[in-house]
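Report on the structure given below.
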Amino acid sequence: MAFTHAAYATPGAVSTPRPVDPQAQSAPSSIRLSYGQSIVKFPGARDVKSRLSLVCASASSSEASGSLNNAAPIGTEPTRRGRPKSSDPSTTTKAVKKKAEGKPVVDSTASDADESHIKAVQSQNGKPVPAVHLFEYEEGGPWPCSVSILPHLHDVAESLADYVAQISEESIKHRGFFTIVLSGGSLVKALHRLAEEPYSKKIDWAKWYVFWADERMVPISHADSNYNHAKAEFLSKVPIPQENLITIDDWDVCSAAAHGYENRLKELTKAHKVLHTTNVNHHKYPRFDLVLLGIGPDGHIASLFPNTLQLAETRRWVVPITKSPKPPARRISLTLPCINAAAHVAFVVIGSSKAEVLQRVFERPALPGALPAQLVRPKHGELTWFVDKAAAARLSIEHYSDPKMFPSVDWSSLKETKANTSS
Ligand SMILES: O=C(O)[C@H](O)[C@@H](O)[C@H](O)[C@H](O)COP(=O)(O)O
């Protein structure tokens, strides 16, 4: 096993999440949640600014795609409020490439033949040295999102159809195209309503470009293919030109497929400006109009799984995965910064089997990397959750303003976040 590391140094390095209702500012009593079309708006539960250091003991890049089960936050000292004190930029992810004697150097941009995109170790004297990679939440403080809790799958489908149709219309009006990213799994079922009236008639399907957040390394005709699944459930029922379905052509070698898909996206940013780009932390990423995500029982999104180095990617748009815990093992996935560069990101979460993970995402602190869904924080975009009643069963939204359950609502930083968002 390539990775070894110390256990978590201190659970206090991660603050307790603070989901709150902005509307409760004047009357922070309980939030009444009525199921149906009501939308509960509150900042996300991920008020965490913490760093997680992953120590790679081996220089073998082929092992860099393995998972890291025990990782220690280093240099993070809990403050009185439970937040890590250190935010010294010289020790953050952005600055991790420091070269000092005996200090490890992480090159997260390297790619190689054995399908790993992260070269973990270099050394001054030729001997392997441990390398450190840092995960970090982009922002501390409350993270605004909208949560729509609906009774059943068909209500989710209706609400989602309205939402997608509206973003499609706005995007086509402003840019002439609509770029939508699909994931695999059950979310595609919820899209069927779009193929029916009135949506089917009013959407300008010729302007749609469809991408995949992740794809399994199988031919597109294979039952496991996310493209195939989306085609059967939704795409075959609407008149999107086949050439606007941006599929993964090469399914032999993960690293080649990841590069190929990334290049395809880059071409679309140049040729017809189908895709716009935006800068995130000084790197260019595509700005999709909408990314739709499902969530796995372990909190994975797309094919980004808990405690894997792919989560720490800071430059690539697409990465290979060779050891996915969810079969099939070989996949490619958009990276977190790529997802977070989108104008809109929406989760679709349906069924009682998602109740536990949804509760963990909203109400439990996790170290960065342990719950990838908590790392979805669109930098200059909007985050929305479409959840059915069964999946929401374990959420205790009515207690979100109770300081005993969800401590210390920081109203001033909430105002700041809202102001920034609206500017
Ligand atoms: O290709 C995949 O496996 C997916 O893109 C994956 O991220 C999926 O969206 C979730 O695992 C949820 O899937 P379910 O909704 O089917 O549980």
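Chain labels A, B, ... are given in the sequence in which chains occur in the structure tokens; within each chain residues are numbered consecutively from 1, and ligands are likewise numbered from 1 in the order shown.
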Do you have, as a tab-separated table, the list of residues of chain A lying at most 7 Å from ligand 1, each with its nearest atom pair and that distance in Å to one decimal, counting only C-alpha atoms and all ligand atoms and ordered by chain then number?
residue	atom	partner	partner_atom_place_in_ligand_line	distance
A:Ser183	CA	ligand 1	5 (O)	4.0
A:Gly184	CA	ligand 1	5 (O)	3.5
A:Gly185	CA	ligand 1	16 (O)	3.1
A:Ser186	CA	ligand 1	15 (O)	3.9
A:Leu187	CA	ligand 1	15 (O)	5.6
A:Ala213	CA	ligand 1	5 (O)	6.6
A:Asp214	CA	ligand 1	5 (O)	5.4
A:Glu215	CA	ligand 1	1 (O)	5.8
A:Arg216	CA	ligand 1	1 (O)	6.4
A:Asn226	CA	ligand 1	1 (O)	6.0
A:Leu293	CA	ligand 1	9 (O)	5.8
A:Gly294	CA	ligand 1	9 (O)	3.7
A:Ile295	CA	ligand 1	12 (C)	4.3
A:Gly296	CA	ligand 1	11 (O)	4.0
A:His300	CA	ligand 1	7 (O)	6.1
A:Ile301	CA	ligand 1	7 (O)	4.3
A:Ala302	CA	ligand 1	7 (O)	3.5
A:Ser303	CA	ligand 1	7 (O)	5.2
A:Lys326	CA	ligand 1	3 (O)	6.9
A:Val349	CA	ligand 1	15 (O)	6.8
Next item on the list: Considering only C-alpha atoms, return as a list in words whatever protein or nucleic-acid residues lie within 9 Å of A:Lys189, sequence-local ones (same chain, fewer than 2 positions apart) excluded.
Entry: Leu153, Ala157, Gly185, Ser186, Leu187, Leu191, His192, Arg193, Ala230, Glu233 and Phe234 of chain A
Restricting the output to N, CA, C and O atoms, write the selected residues as a compact mmCIF listing (two decimals), in the first residue's frame.
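Written out: selection.txt:
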# COMPACT_ATOMS: atom_id res chain seq x y z
N LEU A 153 -40.42 11.38 -6.62
CA LEU A 153 -39.59 11.50 -7.82
C LEU A 153 -40.26 12.39 -8.88
O LEU A 153 -39.61 13.23 -9.48
N ALA A 157 -38.79 15.67 -10.61
CA ALA A 157 -38.64 15.76 -12.07
C ALA A 157 -39.28 17.04 -12.61
O ALA A 157 -38.71 17.72 -13.47
N GLY A 185 -25.84 7.30 -13.05
CA GLY A 185 -26.71 6.95 -11.92
C GLY A 185 -28.15 7.38 -12.14
O GLY A 185 -28.58 7.67 -13.24
N SER A 186 -28.86 7.45 -11.01
CA SER A 186 -30.31 7.61 -11.08
C SER A 186 -30.79 8.99 -11.51
O SER A 186 -31.95 9.16 -11.87
N LEU A 187 -29.91 10.00 -11.48
CA LEU A 187 -30.41 11.35 -11.78
C LEU A 187 -31.00 11.47 -13.17
O LEU A 187 -31.92 12.24 -13.41
N LEU A 191 -34.75 13.36 -15.46
CA LEU A 191 -34.77 14.31 -16.58
C LEU A 191 -35.89 14.03 -17.57
O LEU A 191 -36.14 14.81 -18.48
N HIS A 192 -36.59 12.88 -17.39
CA HIS A 192 -37.57 12.47 -18.41
C HIS A 192 -38.65 13.53 -18.64
O HIS A 192 -39.14 13.70 -19.75
N ARG A 193 -38.97 14.31 -17.61
CA ARG A 193 -40.05 15.30 -17.73
C ARG A 193 -39.72 16.35 -18.79
O ARG A 193 -40.62 16.89 -19.45
N ALA A 230 -27.86 7.68 -20.35
CA ALA A 230 -28.52 8.96 -20.59
C ALA A 230 -29.28 8.94 -21.91
O ALA A 230 -30.36 9.51 -22.04
N GLU A 233 -32.54 6.89 -21.36
CA GLU A 233 -33.53 7.49 -20.46
C GLU A 233 -34.04 8.85 -20.92
O GLU A 233 -35.14 9.25 -20.58
N PHE A 234 -33.18 9.59 -21.66
CA PHE A 234 -33.56 10.98 -21.92
C PHE A 234 -33.16 11.48 -23.32
O PHE A 234 -34.00 11.98 -24.08
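If only C-alpha atoms are the atoms counted, then among A:Lys202, A:Val181, A:Val188, A:Pro325 the closest residue to A:Thr247 is A:Val181.
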Going by DSSP on the backbone, which residues of stretch 273-384 of chain A come out as alpha helix (DSSP H)? List them as a CSV table (one decimal) with N, CA, C and O atoms, in the first residue's frame.
chain,number,residue,atom,x,y,z
A,336,LEU,N,-12.8,18.8,-9.4
A,336,LEU,CA,-13.6,19.7,-8.6
A,336,LEU,C,-13.5,21.2,-9.0
A,336,LEU,O,-14.5,21.8,-9.2
A,337,PRO,N,-12.3,21.7,-9.3
A,337,PRO,CA,-12.3,23.1,-9.8
A,337,PRO,C,-13.1,23.3,-11.1
A,337,PRO,O,-13.7,24.3,-11.3
A,338,CYS,N,-13.1,22.3,-11.9
A,338,CYS,CA,-13.8,22.3,-13.2
A,338,CYS,C,-15.3,22.4,-12.9
A,338,CYS,O,-16.1,23.2,-13.4
A,339,ILE,N,-15.8,21.5,-11.9
A,339,ILE,CA,-17.2,21.6,-11.5
A,339,ILE,C,-17.5,22.9,-10.9
A,339,ILE,O,-18.6,23.5,-11.1
A,340,ASN,N,-16.6,23.3,-10.0
A,340,ASN,CA,-16.9,24.6,-9.2
A,340,ASN,C,-16.8,25.8,-10.1
A,340,ASN,O,-17.1,26.9,-9.6
A,355,ALA,N,-30.6,8.9,2.4
A,355,ALA,CA,-30.9,9.7,3.6
A,355,ALA,C,-29.7,9.9,4.5
A,355,ALA,O,-29.4,11.0,5.0
A,356,GLU,N,-28.9,8.8,4.7
A,356,GLU,CA,-27.8,8.9,5.6
A,356,GLU,C,-26.7,9.8,5.0
A,356,GLU,O,-26.2,10.7,5.8
A,357,VAL,N,-26.4,9.7,3.8
A,357,VAL,CA,-25.3,10.5,3.2
A,357,VAL,C,-25.7,11.9,3.2
A,357,VAL,O,-24.9,12.8,3.4
A,358,LEU,N,-27.0,12.2,2.9
A,358,LEU,CA,-27.4,13.6,2.8
A,358,LEU,C,-27.3,14.2,4.2
A,358,LEU,O,-26.9,15.4,4.3
A,359,GLN,N,-27.6,13.5,5.2
A,359,GLN,CA,-27.5,14.0,6.6
A,359,GLN,C,-26.0,14.3,6.9
A,359,GLN,O,-25.7,15.3,7.4
A,360,ARG,N,-25.1,13.4,6.5
A,360,ARG,CA,-23.7,13.6,6.7
A,360,ARG,C,-23.2,14.9,6.0
A,360,ARG,O,-22.5,15.7,6.5
A,361,VAL,N,-23.7,15.1,4.7
A,361,VAL,CA,-23.2,16.2,3.9
A,361,VAL,C,-23.7,17.5,4.6
A,361,VAL,O,-22.9,18.5,4.6
A,362,PHE,N,-24.9,17.5,5.0
A,362,PHE,CA,-25.5,18.8,5.6
A,362,PHE,C,-25.2,19.0,7.0
A,362,PHE,O,-25.0,20.2,7.5
A,363,GLU,N,-25.1,18.0,7.8
A,363,GLU,CA,-25.1,18.2,9.3
A,363,GLU,C,-23.9,17.6,10.0
A,363,GLU,O,-23.8,17.7,11.2
Item checked: Selected residue, from A:His399, A:Lys354, A:Lys389, A:His276, that lies nearest to A:Ala341 when counting only C-alpha atoms ->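 Residue with the minimum atom-to-atom distance to A:Ala341: A:His276.
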Next item on the list: Write out as a PyMOL selection string which residues come within 7 Å of A:Thr278 when counting only C-alpha atoms, dropping same-chain ones fewer than 5 positions away.
Entry: chain A and resi 284-287+341
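For the atom pair formed by atom CA of A:Phe386 and atom CA of A:Gln374, the distance is 15.6 Å, given to one decimal.
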Margin query: Can you tell me, as an MDAnalysis selection string, which residues in stretch 215-399 of chain A count as strand (DSSP E) by DSSP?
Written below: chainID A and resid 215:216 276:280 283:287 290:293 318:321 331:334 344:349 382:388
Next item on the list: With a distance cut-off of 9 Å and only C-alpha atoms, select the neighbouring residues of A:Glu169, excluding the residue or stretch itself and same-chain residues fewer than 4 positions from it, and output the selection as a list in words.
Entry: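 Everything that qualifies: Val164, Ala165, Lys173, His174, Phe178, Lys202, Ile203 and Asp204 of chain A.
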Item checked: Counting only C-alpha atoms, the residue of A:Leu292, A:Val210, A:Ile248, A:Ile220 that sits nearest A:Leu235 -> A:Val210
Checklist line | Å distance separating atom CA of A:Lys379 from atom CA of A:Glu158, one decimal place | finding: 27.2 Å
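Proximity ranking of A:Leu245, A:Ile332, A:Leu309, A:Val291 relative to A:Val218 places A:Ile332 first, based on only C-alpha atoms.
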Next item on the list: Choose the residue, out of A:Thr269, A:Trp208, A:Pro327, A:Pro241, that has the smallest atom-to-atom separation from A:Ile167; count only C-alpha atoms.
Entry: A:Trp208
Just want the 12 Å neighbourhood of A:Lys266, counted on only C-alpha atoms, with same-chain residues fewer than 2 positions away dropped. Output as a JSON list (two decimals) with C-alpha atoms, in the first residue's frame.
[["chain", "number", "residue", "atom", "x", "y", "z"],
["A", 259, "HIS", "CA", -6.54, 13.97, -21.96],
["A", 260, "GLY", "CA", -8.71, 13.42, -25.00],
["A", 261, "TYR", "CA", -11.83, 14.68, -23.23],
["A", 262, "GLU", "CA", -10.03, 17.67, -21.80],
["A", 263, "ASN", "CA", -8.72, 18.56, -25.26],
["A", 264, "ARG", "CA", -12.19, 18.19, -26.70],
["A", 268, "LEU", "CA", -15.03, 23.86, -27.86],
["A", 269, "THR", "CA", -13.82, 26.90, -25.95],
["A", 270, "LYS", "CA", -11.89, 28.02, -29.03],
["A", 271, "ALA", "CA", -13.70, 27.02, -32.16],
["A", 272, "HIS", "CA", -17.25, 28.25, -31.76],
["A", 273, "LYS", "CA", -17.13, 29.57, -28.23],
["A", 274, "VAL", "CA", -19.66, 26.92, -27.26],
["A", 275, "LEU", "CA", -17.92, 26.89, -23.93],
["A", 276, "HIS", "CA", -16.75, 29.99, -22.18],
["A", 277, "THR", "CA", -13.87, 29.87, -19.74],
["A", 284, "LYS", "CA", -8.58, 28.62, -16.69],
["A", 285, "TYR", "CA", -11.62, 26.33, -16.48],
["A", 286, "PRO", "CA", -14.67, 25.85, -18.66],
["A", 287, "ARG", "CA", -17.75, 27.62, -17.37],
["A", 316, "ARG", "CA", -6.51, 19.53, -14.90],
["A", 317, "TRP", "CA", -10.09, 19.67, -16.16],
["A", 318, "VAL", "CA", -10.43, 15.90, -16.45]]
Note to self: So the first atom is atom CA of A:Gly381 and the second is atom CA of A:Pro368; what is the distance between them in Å, to one decimal place?
What the structure shows: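 Interatomic distance, atom CA of A:Gly381 to atom CA of A:Pro368: 20.5 Å.
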